[in-house]
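Taking it in order: structure first as structure tokens, then the write-up.
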Amino acid sequence: MSEVILSVRNLTASVDGIPILKGVDLEIKAGEVHAIMGRNGSGKSTLSKVIAGHPDYEVTAGEIIYKGKNILEQEPDERALDGIFLAFQYPIEIPGVSNLDFLRVAYNAKRKHQGLEELDAFDFEDLVEEKLEIVKMKSSFLERSLNEGFSGGEKKRNEILQMALLDPTLTILDEIDSGLDIDALKIVAEGVNQLKTSDKAYLIITHYQRLLNYIEPDFVHVMHDGRIITSGGKELALELESRGYEFLDEQSLAEVGA
Amino acid sequence: MAVQIPFATVSQLEEAGIVEDAFLIGLLKQCQISENEPAWLQAVRQQAAAWVARLRVPTNKDEEWRFTDLSSLVRTDFIKPIPIKVENIASIPEALQSRLVFVNGVYSPELSDVAALPKGVYVGNLNQLPQKYPIEEYFAKHQDTGDVFTSLNTAGCEDIAVVWVEKNVVLETPIHLVFVSATDNKASFSQPRTLVVAERGADLSIVEEYSGTGVYFTNAVTEIWVGENAGVKHTRLQQESEKSFHISKTAVSQACDSRYTINEINFGGRLSRHNPEILQQGEQTQTSLHGLTITSGEQLADTHSIVALTKPYGTTNQLHKCIVGDRAHTVFNGKIFVPKEAQLTNAAQLNRNLLLSPKARVNTKPELQITADNVKCSHGATVSQLEADEIFYLRSRGLSEDDARHLLIDAFAKEIIERIPVKSLQEKITQIALGKTQ
């Protein structure tokens, strides 16, 4: 049986005192791809940030067990170094920091953590040139400031490039598909598929079913008002696509009625 | 031999009871100048001294000094420093043999070395300036903006650092002008003075550096004349001691088709003020001002710049950045004048500030005064902090909080530092910047 990579138990979290997550349970094993779908404001992006350790979110109860260890006390960088990777919905633009320098600093932080020697600028450039293939980026991307002036598709491809370099155990893709045209979406999805291995775990947060045509999930969860209210196989995503999220309202009304 | 000023004028004014400011006159009386000075210089000094006698130290009631309070300066008793031997001057590998050193405003031949300079260039002090250079046509000839500290320097500076580059001479080696203040226990006072003349078609790069130890007051004036189609790249590094006061003026006149760039880096001083004043006197002149000020502790650093476009086709581009930590304070005021005569000009000005602490303070006032109607002008100011989202993004890639902060601060500063034309200085300044923002 596969190893459990991530186990979220009865997790509640709030931001500025407002509860957002109201009891989330989720278990992801090695080799599995899980998708969380839901409307804007359902708490799905919050879940991804809480797993990555964003300091603005306060965990009020529950646990996040990653590779057998409760990580709630860990800093975001410690979680990253231990193999948790969050691809951002809105990657931050940082003028003045070249993409290449940033990638090298991040890559070497990981090497150092693993007790390996850091790569110098030349060796790193060779490595990154290889990885560029995965997301079909030109090397001129590397010379630009980190995400500055990148198109939506370029930013997301840059996130996948970082994923390729950092080789995480748990990858969380937070709405990696929102706002992408179909060509960019295919490149991003193919990149992820190329990097997929049986010893890694994947959590895909998305609003749209379309992405799941390209990255096939093993499990689909629907999030509503800070909880996972229903789970199923990939057919659940199709059902959501055809029925829309409105049925959730009927369901919660029904719950209230009952 | 040196004599103490009393200038005839000063004592006459004192006797007549029309001296305004005891602090200024006290400083003026400490100045020693050579009695063998040429008559033209004596005349200029007397006129300046008369000005000083009529003026007073500005206060917060003066618009130009609203946010910079000089009362701590006025309360300090400064005396002329006793000569002190200084060894080990920080050098620039690119300018080992094109370097002038002044200690407490006095030329130090043993620390200076100008062996690398070609024909057609003079770098030295006033005494050795060859007769053929008509210094009297340039010294203290910039348009007077009524600044008392400039007059004080003109009246009492002990020597002049002169850089003269003749017609069409292109100087590849940067010229390093080093002004060091070294004091014993007493608060001391010195007045560095620099005159740079780039004749028609000349091209040069100067690095002006201020540093020191202890409590002292540097009142510096640098005058630069950029001739027709000449180019001057000016790097100014102010890293005075943390207990010092530094007030300085950089006055620049540009003839037509000339290019002038200043990259000013301000790190030091308990209280520092720099006034770059650039006058475009001919058509198609280009002026660039880039500034980086980093303050920490209780420092106050103030940059007040003026660029006056007076002819068509001029351009000016200014980017001034401040990083303010602890309880420090920075002030920026940038004036750009675009009068009716300056049509088809292009002026851009931006001041960006990064606050590193909740007690840090910034006052900024970009100012454009435009009466020409066919010009492109923009100006603006931003004040920001390190964004939590930026730091989280970097940390989510495995960078520690400190490393994330440094990366962001470094990126903010780099935009200015990378414009400095001397490679070794870029590295040195990056290191100091890192240390100051820890």
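So you can find residues: chains in the structure tokens are A, B, ... in the order shown, residues in each start at 1, and ligands are numbered from 1 in order.
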query: If we count only C-alpha atoms, which residues of chain A reach to within 6 Å of chain B? Please list them as a PyMOL selection string.
result: chain A and resi 76-77+80-81+96-97+106
Just asking: which residues within range 37-233 of chain A are helix (DSSP H, G or I) according to DSSP, as a tab-separated table (two decimals) with C-alpha atoms, in the first residue's frame?
chain	number	residue	atom	x	y	z
A	44	LYS	CA	-10.09	26.03	-1.48
A	45	SER	CA	-7.30	28.57	-2.03
A	46	THR	CA	-7.14	29.16	1.71
A	47	LEU	CA	-6.55	25.45	2.21
A	48	SER	CA	-3.59	25.57	-0.17
A	49	LYS	CA	-2.08	28.58	1.63
A	50	VAL	CA	-2.59	27.03	5.05
A	51	ILE	CA	-0.80	23.84	3.95
A	52	ALA	CA	2.08	25.99	2.63
A	76	PRO	CA	6.82	28.16	5.27
A	77	ASP	CA	10.46	27.83	4.19
A	78	GLU	CA	10.91	24.70	6.31
A	79	ARG	CA	7.86	23.15	4.69
A	80	ALA	CA	9.19	24.09	1.26
A	81	LEU	CA	12.57	22.57	2.00
A	99	ASN	CA	14.45	35.06	-12.75
A	100	LEU	CA	17.67	33.09	-13.10
A	101	ASP	CA	19.13	34.41	-9.83
A	102	PHE	CA	15.91	33.66	-8.00
A	103	LEU	CA	15.73	30.12	-9.37
A	104	ARG	CA	19.34	29.50	-8.39
A	105	VAL	CA	18.87	30.83	-4.87
A	106	ALA	CA	15.79	28.64	-4.39
A	107	TYR	CA	17.47	25.60	-5.91
A	108	ASN	CA	20.59	26.02	-3.80
A	109	ALA	CA	18.55	26.53	-0.62
A	110	LYS	CA	17.13	23.07	-1.30
A	111	ARG	CA	20.57	21.58	-2.07
A	112	LYS	CA	21.96	23.02	1.12
A	113	HIS	CA	19.06	21.59	3.10
A	121	ALA	CA	26.12	29.86	-11.82
A	122	PHE	CA	27.44	27.89	-14.82
A	123	ASP	CA	26.32	24.43	-13.71
A	124	PHE	CA	22.99	25.82	-12.69
A	125	GLU	CA	22.45	27.41	-16.07
A	126	ASP	CA	23.02	24.05	-17.75
A	127	LEU	CA	20.50	22.46	-15.44
A	128	VAL	CA	17.87	25.12	-15.91
A	129	GLU	CA	18.27	25.04	-19.71
A	130	GLU	CA	17.25	21.38	-19.60
A	131	LYS	CA	14.20	22.10	-17.50
A	132	LEU	CA	13.07	24.95	-19.75
A	133	GLU	CA	12.08	22.29	-22.30
A	134	ILE	CA	9.41	20.99	-19.96
A	135	VAL	CA	7.48	24.27	-20.05
A	140	SER	CA	15.47	34.83	-22.56
A	141	PHE	CA	12.89	34.35	-19.78
A	142	LEU	CA	15.70	33.77	-17.36
A	143	GLU	CA	17.20	37.20	-17.86
A	152	GLY	CA	-0.61	35.07	-17.25
A	153	GLY	CA	0.55	31.99	-19.15
A	154	GLU	CA	4.23	32.88	-18.71
A	155	LYS	CA	3.78	33.28	-14.97
A	156	LYS	CA	2.15	29.87	-14.64
A	157	ARG	CA	4.80	28.22	-16.78
A	158	ASN	CA	7.40	29.82	-14.57
A	159	GLU	CA	5.70	28.22	-11.57
A	160	ILE	CA	5.94	24.81	-13.23
A	161	LEU	CA	9.59	25.49	-14.04
A	162	GLN	CA	10.17	26.04	-10.32
A	163	MET	CA	8.33	22.82	-9.60
A	164	ALA	CA	10.61	21.03	-12.06
A	165	LEU	CA	13.72	22.40	-10.35
A	166	LEU	CA	12.64	21.91	-6.75
A	182	ILE	CA	-5.99	26.64	-24.20
A	183	ASP	CA	-2.44	26.59	-25.62
A	184	ALA	CA	-0.91	27.81	-22.38
A	185	LEU	CA	-3.11	25.43	-20.40
A	186	LYS	CA	-1.88	22.48	-22.46
A	187	ILE	CA	1.76	23.43	-21.92
A	188	VAL	CA	1.24	23.77	-18.18
A	189	ALA	CA	-0.67	20.49	-17.93
A	190	GLU	CA	1.84	18.60	-20.06
A	191	GLY	CA	4.61	19.98	-17.89
A	192	VAL	CA	2.93	18.66	-14.78
A	193	ASN	CA	2.23	15.30	-16.41
A	194	GLN	CA	5.88	14.93	-17.42
A	195	LEU	CA	7.00	15.56	-13.87
A	209	GLN	CA	-13.35	21.13	-14.89
A	210	ARG	CA	-11.43	21.85	-18.10
A	211	LEU	CA	-7.99	21.45	-16.46
A	212	LEU	CA	-8.93	17.96	-15.35
A	213	ASN	CA	-9.23	16.89	-19.00
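The two atoms in question, CA of Asp56 in chain A and CA of Leu72 in chain A, are spaced 13.5 Å apart.
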query: Would you give me, as an NGL selection string, the residues in range 63-231 of chain A that DSSP reads as strand (DSSP E or B)?
result: :A and (63-66 or 69-70 or 84-87 or 94-98 or 145-146 or 170-174 or 201-206 or 219-224 or 227-231)
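You can rank A:Asp82, A:Asp25, A:Glu58, A:Glu239 by their closest distance to Pro168 in chain A using only C-alpha atoms, and at the top of that list sits A:Asp82.
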- request: May I have the residues within 7 Å of Gln281 in chain B as a list of chain:residue names, using only C-alpha atoms and disregarding those fewer than 3 positions away in the same chain?
  value: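 Neighbouring residues, sequence-local ones excluded: B:Ser253, B:Gln254, B:Ala255, B:Cys256, B:Thr310, B:Lys311.
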- request: Excluding range 141-146 of chain B and any residue of its chain fewer than 2 positions from it, enumerate the residues within 12 Å of it, using only C-alpha atoms, and give them as number ranges by chain.
  value: B: 41, 44, 48, 51-52, 54-58, 64, 135-139, 148-152, 154, 195, 221-225, 249-254, 275-281, 306, 308
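If only C-alpha atoms are the atoms counted, then among A:Arg144, A:Lys136, A:Lys234, A:Arg243 the closest residue to Tyr214 in chain A is A:Lys234.
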Length of the CA of His290 in chain B to CA of His320 in chain B vector [Å]: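 Between these atoms lies a distance of 5.5 Å.
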task: Can you work out which one of A:Phe247, A:Phe85, A:Tyr208, A:Tyr66 has the shortest atom-to-atom distance to Glu175 in chain A, counting only C-alpha atoms?
output: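 The answer is A:Tyr208, which sits nearest to Glu175 in chain A.
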- prompt: Between B:Asn229, B:Gln284, B:Thr76, B:Thr261, which one has atoms that come closest to Phe23 in chain B, using only C-alpha atoms?
  reply: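 Ranked by minimum distance to Phe23 in chain B, first place goes to B:Thr76.
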